[in-house]
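Listing of structure.cif, mmCIF, C-alpha atoms
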```cif
data_input
#
loop_
_atom_site.label_atom_id
_atom_site.label_comp_id
_atom_site.auth_asym_id
_atom_site.auth_seq_id
_atom_site.Cartn_x
_atom_site.Cartn_y
_atom_site.Cartn_z
CA MET G 78 -5.76 20.43 19.73
CA ASN G 79 -3.75 20.36 16.52
CA THR G 80 -3.00 16.68 15.89
CA PRO G 81 -0.05 16.08 13.58
CA ARG G 82 -0.92 14.22 10.41
CA PRO G 83 1.00 11.08 9.45
CA ASP G 84 2.24 12.61 6.19
CA HIS G 85 3.84 15.40 8.21
CA LEU G 86 5.79 12.79 10.07
CA GLU G 87 6.87 11.12 6.85
CA GLN G 88 7.92 14.43 5.34
CA ARG G 89 9.86 15.20 8.44
CA LEU G 90 11.59 11.82 8.39
CA ARG G 91 12.65 12.38 4.78
CA ARG G 92 13.75 15.94 5.40
CA ASP G 93 15.77 15.07 8.49
CA ALA G 94 17.37 12.14 6.71
CA GLU G 95 18.40 14.53 3.97
CA ARG G 96 19.95 16.81 6.57
CA ILE G 97 21.96 13.92 7.94
CA ALA G 98 23.00 12.88 4.44
CA VAL G 99 24.22 16.33 3.49
CA SER G 100 26.31 16.90 6.58
CA ALA G 101 27.61 13.32 6.67
CA ASP G 102 28.72 13.64 3.06
CA GLU G 103 30.54 16.84 3.91
CA HIS G 104 32.24 15.05 6.76
CA PHE G 105 33.25 12.09 4.59
CA SER G 106 34.56 14.34 1.82
CA GLN G 107 36.57 16.34 4.30
CA ARG G 108 38.02 13.16 5.72
CA VAL G 109 38.97 11.82 2.29
CA SER G 110 40.62 15.06 1.26
CA ASN G 111 42.55 15.08 4.50
CA GLN G 112 43.84 11.57 3.96
CA LEU G 113 44.41 11.34 0.25
CA ASN G 114 46.78 13.11 -2.02
CA PRO G 115 44.37 14.29 -4.75
CA PRO G 116 46.65 13.69 -7.78
CA HIS G 117 46.89 10.02 -6.87
CA VAL G 118 43.16 9.58 -6.49
CA SER G 119 42.30 9.70 -10.16
CA THR G 120 45.02 7.23 -11.17
CA ARG G 121 44.37 4.50 -8.64
CA PRO G 122 42.35 1.46 -9.55
CA PRO G 123 39.00 1.33 -7.73
CA VAL G 124 39.96 -1.44 -5.37
CA ASN G 125 42.73 0.83 -4.22
CA ARG G 126 40.42 3.78 -3.81
CA LEU G 127 37.78 1.93 -1.93
CA SER G 128 40.41 0.46 0.31
CA TRP G 129 42.35 3.53 1.26
CA TRP G 130 41.06 3.40 4.77
CA ALA G 131 41.80 -0.26 5.29
CA TRP G 132 45.23 -0.51 3.84
CA GLY G 133 46.64 2.21 5.97
CA ILE G 134 48.34 4.40 3.42
CA ALA G 135 49.64 6.35 6.38
CA ALA G 136 51.74 3.44 7.63
CA PRO G 137 54.24 3.19 4.75
CA ALA G 138 54.38 6.97 4.52
CA ALA G 139 55.17 7.25 8.21
CA LEU G 140 57.83 4.56 7.84
CA ALA G 141 59.45 6.42 4.97
CA VAL G 142 59.53 9.63 6.99
CA ALA G 143 61.00 7.82 9.98
CA VAL G 144 63.73 6.23 7.85
CA LEU G 145 64.53 9.55 6.21
CA LEU G 146 64.76 11.21 9.58
CA LEU G 147 67.09 8.52 10.84
CA GLN G 148 69.32 8.86 7.78
CA ASN G 149 69.35 12.65 7.71
CA PRO G 150 72.66 13.98 9.06
CA ALA G 151 70.89 17.13 10.21
CA VAL G 152 69.09 15.17 12.89
CA GLN G 153 72.04 12.96 13.86
CA PRO G 154 73.30 13.79 17.33
CA GLY G 155 76.48 15.86 17.41
CA PRO G 156 78.85 16.17 20.34
CA GLN G 157 76.75 16.57 23.46
CA PRO G 158 77.48 17.46 27.03
CA ALA G 159 78.07 14.40 29.18
CA ALA G 160 74.77 14.94 31.00
CA LEU G 161 72.88 14.40 27.75
CA ALA G 162 74.67 11.25 26.67
CA GLY G 163 72.12 8.99 28.37
CA LEU G 164 69.33 10.90 26.72
CA ASP G 165 70.85 10.19 23.31
CA VAL G 166 70.93 6.50 24.03
CA ASN G 167 67.29 6.54 25.09
CA LEU G 168 66.34 8.49 22.02
CA ASP G 169 68.20 6.04 19.78
CA LYS G 170 66.44 3.15 21.45
CA ALA G 171 63.06 4.79 21.07
CA LEU G 172 63.70 5.56 17.41
CA ALA G 173 64.91 2.01 16.76
CA GLN G 174 61.81 0.64 18.43
CA ARG G 175 59.60 2.96 16.43
CA GLU G 176 61.28 1.93 13.20
CA HIS G 177 60.85 -1.71 14.14
CA ASP G 178 57.14 -1.14 14.88
CA LEU G 179 56.58 0.67 11.61
CA ARG G 180 58.32 -2.07 9.66
CA ARG G 181 56.05 -4.64 11.26
CA GLU G 182 53.04 -2.51 10.45
CA LEU G 183 54.18 -2.21 6.84
CA GLN G 184 54.64 -5.96 6.68
CA LYS G 185 51.10 -6.44 7.94
CA VAL G 186 49.69 -4.00 5.38
CA ARG G 187 51.57 -5.83 2.60
CA SER G 188 50.21 -9.16 3.71
CA ASP G 189 46.67 -7.68 3.81
CA LEU G 190 47.13 -6.35 0.30
CA ASN G 191 48.33 -9.73 -0.90
CA ARG G 192 45.30 -11.34 0.65
CA VAL G 193 42.91 -8.96 -1.09
CA GLU G 194 44.77 -9.34 -4.38
CA SER G 195 44.39 -13.06 -4.22
CA MET G 196 40.70 -12.68 -3.20
CA LEU G 197 40.11 -10.50 -6.24
CA GLY G 198 42.24 -12.67 -8.48
CA LEU G 199 44.38 -9.71 -9.47
CA GLY G 200 47.62 -11.65 -9.36
CA GLY G 201 49.62 -9.00 -7.56
CA LYS G 202 49.04 -6.29 -10.15
CA ALA G 203 46.65 -3.89 -8.49
CA PHE G 204 48.76 -3.04 -5.48
CA SER G 205 52.19 -3.60 -6.94
CA LYS G 206 53.08 0.10 -6.92
CA MET C 200 23.04 8.91 -11.56
CA THR C 201 20.03 7.81 -13.58
CA GLN C 202 18.83 4.22 -13.64
CA GLN C 203 20.02 3.87 -17.22
CA GLN C 204 23.47 5.17 -16.33
CA GLU C 205 23.63 2.76 -13.42
CA ARG C 206 22.49 -0.11 -15.63
CA ASP C 207 25.26 0.73 -18.12
CA LEU C 208 27.86 0.85 -15.38
CA ILE C 209 26.71 -2.49 -14.01
CA ASN C 210 26.85 -4.06 -17.47
CA ARG C 211 30.36 -2.75 -18.00
CA ALA C 212 31.44 -3.86 -14.52
CA GLN C 213 29.99 -7.30 -15.16
CA ALA C 214 32.07 -7.41 -18.32
CA GLY C 215 35.14 -6.74 -16.18
CA SER C 216 35.45 -2.95 -16.25
CA VAL C 217 37.15 -1.86 -13.06
CA SER C 218 36.52 1.82 -13.79
CA ALA C 219 32.79 1.17 -14.07
CA PHE C 220 32.79 -0.55 -10.71
CA GLU C 221 34.79 2.34 -9.30
CA ALA C 222 31.99 4.71 -10.32
CA ILE C 223 29.45 2.45 -8.63
CA VAL C 224 31.52 2.37 -5.46
CA GLN C 225 31.83 6.14 -5.45
CA HIS C 226 28.11 6.52 -5.87
CA TYR C 227 27.20 4.25 -2.99
CA GLN C 228 30.01 4.38 -0.46
CA ASN C 229 28.81 7.40 1.52
CA ARG C 230 25.27 6.06 1.66
CA LEU C 231 26.51 2.74 2.95
CA LEU C 232 28.74 4.40 5.51
CA ARG C 233 25.87 6.50 6.83
CA PHE C 234 23.64 3.46 7.02
CA LEU C 235 26.22 1.45 8.96
CA MET C 236 27.18 4.30 11.24
CA LEU C 237 23.58 4.95 12.19
CA ARG C 238 23.57 1.39 13.50
CA GLY C 239 25.98 2.71 16.09
CA TRP C 240 29.22 1.77 14.41
CA GLN C 241 32.28 3.89 14.63
CA GLN C 242 33.45 5.22 11.30
CA ALA C 243 36.47 2.92 11.04
CA ASP C 244 34.33 -0.19 11.63
CA ALA C 245 31.72 1.01 9.17
CA GLU C 246 34.43 1.59 6.57
CA ASP C 247 35.75 -1.93 7.08
CA ALA C 248 32.31 -3.46 6.68
CA ALA C 249 31.53 -1.28 3.64
CA GLN C 250 34.78 -2.29 2.03
CA THR C 251 34.07 -5.96 2.61
CA ALA C 252 30.64 -5.45 1.07
CA PHE C 253 32.10 -3.81 -2.04
CA VAL C 254 34.73 -6.51 -2.44
CA ARG C 255 32.06 -9.18 -2.12
CA ALA C 256 29.81 -7.33 -4.57
CA TRP C 257 32.67 -7.20 -7.06
CA GLN C 258 33.34 -10.91 -6.62
CA ASN C 259 29.69 -11.83 -7.10
CA LEU C 260 28.80 -9.23 -9.70
CA SER C 261 28.20 -11.85 -12.36
CA GLY C 262 25.47 -13.31 -10.13
CA TYR C 263 23.59 -10.02 -9.82
CA GLN C 264 20.19 -10.14 -11.47
CA SER C 265 18.15 -7.09 -12.31
CA LYS C 266 15.15 -8.59 -10.55
CA TRP C 267 16.18 -6.28 -7.70
CA ARG C 268 17.59 -2.81 -7.92
CA PHE C 269 21.37 -2.82 -7.63
CA SER C 270 21.15 -0.78 -4.43
CA THR C 271 18.85 -3.40 -2.90
CA TRP C 272 21.31 -6.14 -3.76
CA LEU C 273 24.25 -4.10 -2.44
CA TYR C 274 22.52 -3.22 0.84
CA SER C 275 21.58 -6.84 1.46
CA ILE C 276 25.25 -7.76 1.03
CA ALA C 277 26.30 -4.91 3.29
CA LEU C 278 23.93 -5.96 6.02
CA ARG C 279 25.23 -9.52 5.92
CA CYS C 280 28.82 -8.26 5.98
CA ALA C 281 27.97 -6.02 8.91
CA ALA C 282 26.46 -8.96 10.77
CA GLU C 283 29.50 -11.11 10.07
CA HIS C 284 31.78 -8.28 11.05
CA ARG C 285 30.33 -8.42 14.53
CA SER C 286 29.53 -12.14 14.42
CA LEU C 287 25.89 -11.33 14.96
CA PRO C 288 22.83 -12.55 13.14
CA VAL C 289 21.23 -10.04 10.79
CA GLY C 290 18.70 -7.89 12.61
CA ASN C 291 19.94 -8.78 16.08
CA THR C 292 17.96 -6.65 18.47
CA GLU C 293 20.20 -6.55 21.49
CA LEU C 294 23.62 -5.75 20.18
CA ASP C 295 22.80 -4.47 16.78
CA GLY C 296 24.40 -1.19 17.51
CA ILE C 297 21.53 1.04 18.49
CA SER C 298 22.52 0.94 22.11
CA LEU C 299 26.10 1.83 21.25
CA GLU C 300 27.55 5.29 21.20
CA LEU C 301 27.29 7.15 17.94
CA ASP C 302 30.40 8.28 16.14
CA PRO C 303 30.98 11.91 17.20
CA CYS C 304 30.55 13.17 13.64
CA LEU C 305 27.03 11.78 13.54
CA SER C 306 26.10 12.83 17.06
CA GLU C 307 26.31 16.46 16.05
CA GLN C 308 24.22 15.90 12.93
CA LEU C 309 21.50 14.14 14.89
CA ARG C 310 20.96 17.04 17.24
CA ASN C 311 17.31 18.18 17.02
CA ASN C 312 16.70 15.58 14.38
CA LEU C 313 13.74 13.23 14.34
CA TRP C 314 16.05 10.32 13.59
CA SER C 315 17.79 10.72 16.92
CA VAL C 316 14.41 10.22 18.59
CA ALA C 317 13.81 7.23 16.37
CA ARG C 318 17.13 5.74 17.45
CA GLN C 319 16.13 6.10 21.07
CA GLN C 320 12.56 4.97 20.80
CA LEU C 321 12.64 2.14 18.30
CA THR C 322 14.24 -1.28 18.34
CA ALA C 323 17.24 -1.74 16.09
CA PRO C 324 15.38 -3.61 13.33
CA ALA C 325 12.52 -1.11 13.40
CA PHE C 326 14.91 1.81 13.12
CA GLN C 327 16.71 0.06 10.32
CA ALA C 328 13.52 -0.63 8.39
CA LEU C 329 12.39 2.98 8.89
CA TRP C 330 15.71 4.33 7.66
CA LEU C 331 15.81 2.07 4.63
CA HIS C 332 12.28 3.08 3.69
CA TYR C 333 12.23 6.81 4.35
CA ALA C 334 15.86 7.82 4.07
CA GLU C 335 17.07 5.43 1.40
CA GLY C 336 13.81 5.22 -0.52
CA PHE C 337 13.48 1.45 -0.62
CA SER C 338 10.03 -0.03 -1.05
CA GLY C 339 8.57 -2.38 1.56
CA LYS C 340 9.48 -5.40 -0.54
CA GLU C 341 13.00 -4.16 -0.99
CA VAL C 342 13.39 -3.51 2.73
CA ALA C 343 12.16 -7.04 3.36
CA HIS C 344 14.72 -8.43 0.94
CA ILE C 345 17.57 -6.41 2.43
CA MET C 346 16.68 -7.36 5.99
CA GLN C 347 15.82 -10.95 5.14
CA ARG C 348 12.32 -10.56 6.54
CA ASN C 349 8.93 -10.89 4.94
CA SER C 350 6.86 -8.00 3.61
CA VAL C 351 4.24 -8.30 6.32
CA TRP C 352 6.87 -7.86 9.00
CA VAL C 353 8.11 -4.72 7.26
CA ARG C 354 4.61 -3.24 6.89
CA VAL C 355 3.74 -3.91 10.51
CA THR C 356 7.09 -2.67 11.77
CA LEU C 357 6.88 0.56 9.77
CA HIS C 358 3.34 1.14 10.93
CA ARG C 359 4.22 0.66 14.58
CA ALA C 360 7.33 2.79 14.27
CA ARG C 361 5.31 5.63 12.76
CA GLN C 362 2.71 5.35 15.49
CA GLN C 363 5.38 5.46 18.15
CA LEU C 364 7.01 8.54 16.66
CA GLN C 365 3.67 10.21 15.99
CA LYS C 366 3.02 10.42 19.72
CA ILE C 367 5.96 12.72 20.26
CA PHE C 368 6.18 14.45 16.93
CA THR C 369 5.03 18.03 16.52
CA PRO C 370 5.28 19.22 12.92
CA ASP C 371 5.73 22.92 13.65
CA SER C 372 8.49 22.59 16.19
CA THR C 373 12.13 22.97 15.27
CA GLY C 374 12.50 19.33 16.11
CA PRO C 375 12.14 16.87 18.93
CA THR C 376 14.89 17.07 21.45
CA ILE C 377 16.26 14.59 23.91
CA GLU C 378 14.47 16.56 26.65
CA SER C 379 11.09 16.37 24.93
CA VAL C 380 11.50 12.63 24.48
CA GLU C 381 12.40 12.19 28.14
CA GLN C 382 9.42 14.32 29.12
CA HIS C 383 7.19 12.17 26.94
CA GLU C 384 8.55 9.04 28.56
CA HIS C 385 7.79 10.41 32.03
CA THR C 386 4.24 11.41 31.18
CA THR C 387 3.39 8.19 29.35
CA PRO C 388 2.35 5.32 31.61
#
```

The structure in this file should be written as structure tokens.
Amino acid sequence: MNTPRPDHLEQRLRRDAERIAVSADEHFSQRVSNQLNPPHVSTRPPVNRLSWWAWGIAAPAALAVAVLLLQNPAVQPGPQPAALAGLDVNLDKALAQREHDLRRELQKVRSDLNRVESMLGLGGKAFSK
Amino acid sequence: MTQQQERDLINRAQAGSVSAFEAIVQHYQNRLLRFLMLRGWQQADAEDAAQTAFVRAWQNLSGYQSKWRFSTWLYSIALRCAAEHRSLPVGNTELDGISLELDPCLSEQLRNNLWSVARQQLTAPAFQALWLHYAEGFSGKEVAHIMQRNSVWVRVTLHRARQQLQKIFTPDSTGPTIESVEQHEHTTP
């Protein structure tokens, strides 16, 4: 019977770890490119770059989009049939609630950033943009 | 990155260079994420813990001594951060993550991979020591330092882990599968 040698096992452990590393790196890179706007990447300070996941860049962006949508006349409700009037009210309520939620989320992100700034002793400079 | 390049970056970062530390972070962040996620963490949790580790490394950079490799120092910080993140002692065997579900992105990568068998067969600290040694290339002493254990524990643990995997490992196969492991478990008293 062909008994496997220990060095075969060690080689296999190293090779399989390499396989995991390669595909995990691809996954991470894909995720970063999906979430970041590349031109901003090279100009951010490192604390910003290493914290993109934690500081929820998506939250302020989503808030900005929501506010723009609310302010855009193209999406303001025009004259509607009477049957849809209630729907408008519900939609307004839902949008107001969403805006409120996003503002709270933004507030939380800002407070997190302030906390990290003070931890790093950056005095509010790193995340001021 | 060569050792000299890393040494230069560390010196510059210790002198206050944020861009040098940025390069260090970029070099290590994926490795740290993989390491944490293989403990059974979801990606978002692993990212949080990795970030805490980098922030703490930055804060304590002046205290880093070249007695250990920088990676050894960083991984020991990361492991402590990970333990704090879950309020668990370092090397906890019951809830250290191995029994938890893997992040989907890693599940796919571990298909037909010897490390998936290792995750199933070994205790969490044994798996961790094995990974640090064979996948990350740390020496026994370095693994001991990272895991806050002694060198004898690491040697014995690695030896037993290898023995355990040896029983089910066949070098010419495309890789051990979940089925082959289960079959092995049924045939072993």

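Our summary of the geometry notes that CA of His85 (chain G) is positioned 11.3 Å from CA of Leu364 (chain C).
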
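Residue selection for this entry, given the PyMOL selection byres ((chain C and resi 200-205) around 10), comprises Arg206, Asp207, Leu208, Ile209, Asn210, Arg211, Ala219, Ala222, Ile223, His226, Arg268, Phe269 and Ser270 of chain C.
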
Distance-based interface of chain C with chain G, 8 Å, counting all atoms listed in the file, as an MDAnalysis selection string: chainID C and resid 217:218 220:221 224 229:230 233 243 246:247 250 254 258 304:305 308:309 312:314 333:334 361 364:365 368:370

Those same residues - C-alpha atoms - I'd like them written as a PDB file, in the coordinates of the input.
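Once everything was written out, this is again-v9.pdb:
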```pdb
ATOM      1  CA  VAL C 217      37.150  -1.860 -13.060  1.00  0.00           C
ATOM      2  CA  SER C 218      36.520   1.820 -13.790  1.00  0.00           C
ATOM      3  CA  PHE C 220      32.790  -0.550 -10.710  1.00  0.00           C
ATOM      4  CA  GLU C 221      34.790   2.340  -9.300  1.00  0.00           C
ATOM      5  CA  VAL C 224      31.520   2.370  -5.460  1.00  0.00           C
ATOM      6  CA  ASN C 229      28.810   7.400   1.520  1.00  0.00           C
ATOM      7  CA  ARG C 230      25.270   6.060   1.660  1.00  0.00           C
ATOM      8  CA  ARG C 233      25.870   6.500   6.830  1.00  0.00           C
ATOM      9  CA  ALA C 243      36.470   2.920  11.040  1.00  0.00           C
ATOM     10  CA  GLU C 246      34.430   1.590   6.570  1.00  0.00           C
ATOM     11  CA  ASP C 247      35.750  -1.930   7.080  1.00  0.00           C
ATOM     12  CA  GLN C 250      34.780  -2.290   2.030  1.00  0.00           C
ATOM     13  CA  VAL C 254      34.730  -6.510  -2.440  1.00  0.00           C
ATOM     14  CA  GLN C 258      33.340 -10.910  -6.620  1.00  0.00           C
ATOM     15  CA  CYS C 304      30.550  13.170  13.640  1.00  0.00           C
ATOM     16  CA  LEU C 305      27.030  11.780  13.540  1.00  0.00           C
ATOM     17  CA  GLN C 308      24.220  15.900  12.930  1.00  0.00           C
ATOM     18  CA  LEU C 309      21.500  14.140  14.890  1.00  0.00           C
ATOM     19  CA  ASN C 312      16.700  15.580  14.380  1.00  0.00           C
ATOM     20  CA  LEU C 313      13.740  13.230  14.340  1.00  0.00           C
ATOM     21  CA  TRP C 314      16.050  10.320  13.590  1.00  0.00           C
ATOM     22  CA  TYR C 333      12.230   6.810   4.350  1.00  0.00           C
ATOM     23  CA  ALA C 334      15.860   7.820   4.070  1.00  0.00           C
ATOM     24  CA  ARG C 361       5.310   5.630  12.760  1.00  0.00           C
ATOM     25  CA  LEU C 364       7.010   8.540  16.660  1.00  0.00           C
ATOM     26  CA  GLN C 365       3.670  10.210  15.990  1.00  0.00           C
ATOM     27  CA  PHE C 368       6.180  14.450  16.930  1.00  0.00           C
ATOM     28  CA  THR C 369       5.030  18.030  16.520  1.00  0.00           C
ATOM     29  CA  PRO C 370       5.280  19.220  12.920  1.00  0.00           C
TER      30      PRO C 370
END
```

Separation of CA of Phe337 (chain C) from CA of Ala212 (chain C) in Å: 23.3 Å

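We find CA of Gln174 (chain G) and CA of Asp189 (chain G) to be spaced 22.6 Å apart.
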
Resolved residues for the PyMOL selection byres ((chain C and resi 340) around 10) as a ChimeraX atom specification: /C:267,271,332,337-339,341-346,348-351,353-354

Same residues, C-alpha atoms, saved as a compact mmCIF listing (two decimals), keeping the file's coordinate frame:
```txt
# COMPACT_ATOMS: atom_id res chain seq x y z
CA TRP C 267 16.18 -6.28 -7.70
CA THR C 271 18.85 -3.40 -2.90
CA HIS C 332 12.28 3.08 3.69
CA PHE C 337 13.48 1.45 -0.62
CA SER C 338 10.03 -0.03 -1.05
CA GLY C 339 8.57 -2.38 1.56
CA GLU C 341 13.00 -4.16 -0.99
CA VAL C 342 13.39 -3.51 2.73
CA ALA C 343 12.16 -7.04 3.36
CA HIS C 344 14.72 -8.43 0.94
CA ILE C 345 17.57 -6.41 2.43
CA MET C 346 16.68 -7.36 5.99
CA ARG C 348 12.32 -10.56 6.54
CA ASN C 349 8.93 -10.89 4.94
CA SER C 350 6.86 -8.00 3.61
CA VAL C 351 4.24 -8.30 6.32
CA VAL C 353 8.11 -4.72 7.26
CA ARG C 354 4.61 -3.24 6.89
```

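Residue neighbourhood of His177 (chain G), excluding near-sequence residues (fewer than 6 positions): Leu140, Ala143, Val144, Lys170, Ala171, Leu183 and Gln184 of chain G, at 12 Å, using all atoms listed in the file.
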
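In this comparison, which uses all atoms listed in the file, the residue of C:Gln225, C:Gln213, C:Gln362, C:Gln241 approaching Ala256 (chain C) most closely is C:Gln213.
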
Using only C-alpha atoms, which residues sit within 10 Å of Asp244 (chain C) once same-chain residues fewer than 3 positions away are excluded, as an mmCIF file with C-alpha atoms, in the frame of the given file?
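Resulting contents of around.cif:
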```
data_model
loop_
_atom_site.group_PDB
_atom_site.id
_atom_site.type_symbol
_atom_site.label_atom_id
_atom_site.label_comp_id
_atom_site.auth_asym_id
_atom_site.auth_seq_id
_atom_site.Cartn_x
_atom_site.Cartn_y
_atom_site.Cartn_z
ATOM 1 C CA ALA G 131 41.800 -0.260 5.290
ATOM 2 C CA LEU C 232 28.740 4.400 5.510
ATOM 3 C CA LEU C 235 26.220 1.450 8.960
ATOM 4 C CA MET C 236 27.180 4.300 11.240
ATOM 5 C CA GLY C 239 25.980 2.710 16.090
ATOM 6 C CA TRP C 240 29.220 1.770 14.410
ATOM 7 C CA GLN C 241 32.280 3.890 14.630
ATOM 8 C CA ASP C 247 35.750 -1.930 7.080
ATOM 9 C CA ALA C 248 32.310 -3.460 6.680
ATOM 10 C CA ALA C 249 31.530 -1.280 3.640
ATOM 11 C CA GLN C 250 34.780 -2.290 2.030
ATOM 12 C CA ALA C 281 27.970 -6.020 8.910
ATOM 13 C CA HIS C 284 31.780 -8.280 11.050
ATOM 14 C CA ARG C 285 30.330 -8.420 14.530
#
```

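Closest approach to Ala328 (chain C) from the set C:Ala252, C:Tyr227, C:Leu260, C:Phe234 is made by C:Phe234, with distances taken over only C-alpha atoms.
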
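Considering all atoms listed in the file, the residue among G:Leu179, G:Ser188, G:Leu168, G:Glu194 positioned nearest to Ala141 (chain G) is G:Leu179.
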
Tell me which protein, DNA and RNA residues are within 7 Å of Ala360 (chain C), counting all atoms listed in the file, leaving out same-chain ones fewer than 3 positions away, and put them as a PDB file with C-alpha atoms, in the frame of the given file.
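New file part-v7.pdb:
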```
ATOM      1  CA  LEU C 321      12.640   2.140  18.300  1.00  0.00           C
ATOM      2  CA  ALA C 325      12.520  -1.110  13.400  1.00  0.00           C
ATOM      3  CA  THR C 356       7.090  -2.670  11.770  1.00  0.00           C
ATOM      4  CA  LEU C 357       6.880   0.560   9.770  1.00  0.00           C
ATOM      5  CA  GLN C 363       5.380   5.460  18.150  1.00  0.00           C
ATOM      6  CA  LEU C 364       7.010   8.540  16.660  1.00  0.00           C
TER       7      LEU C 364
END
```
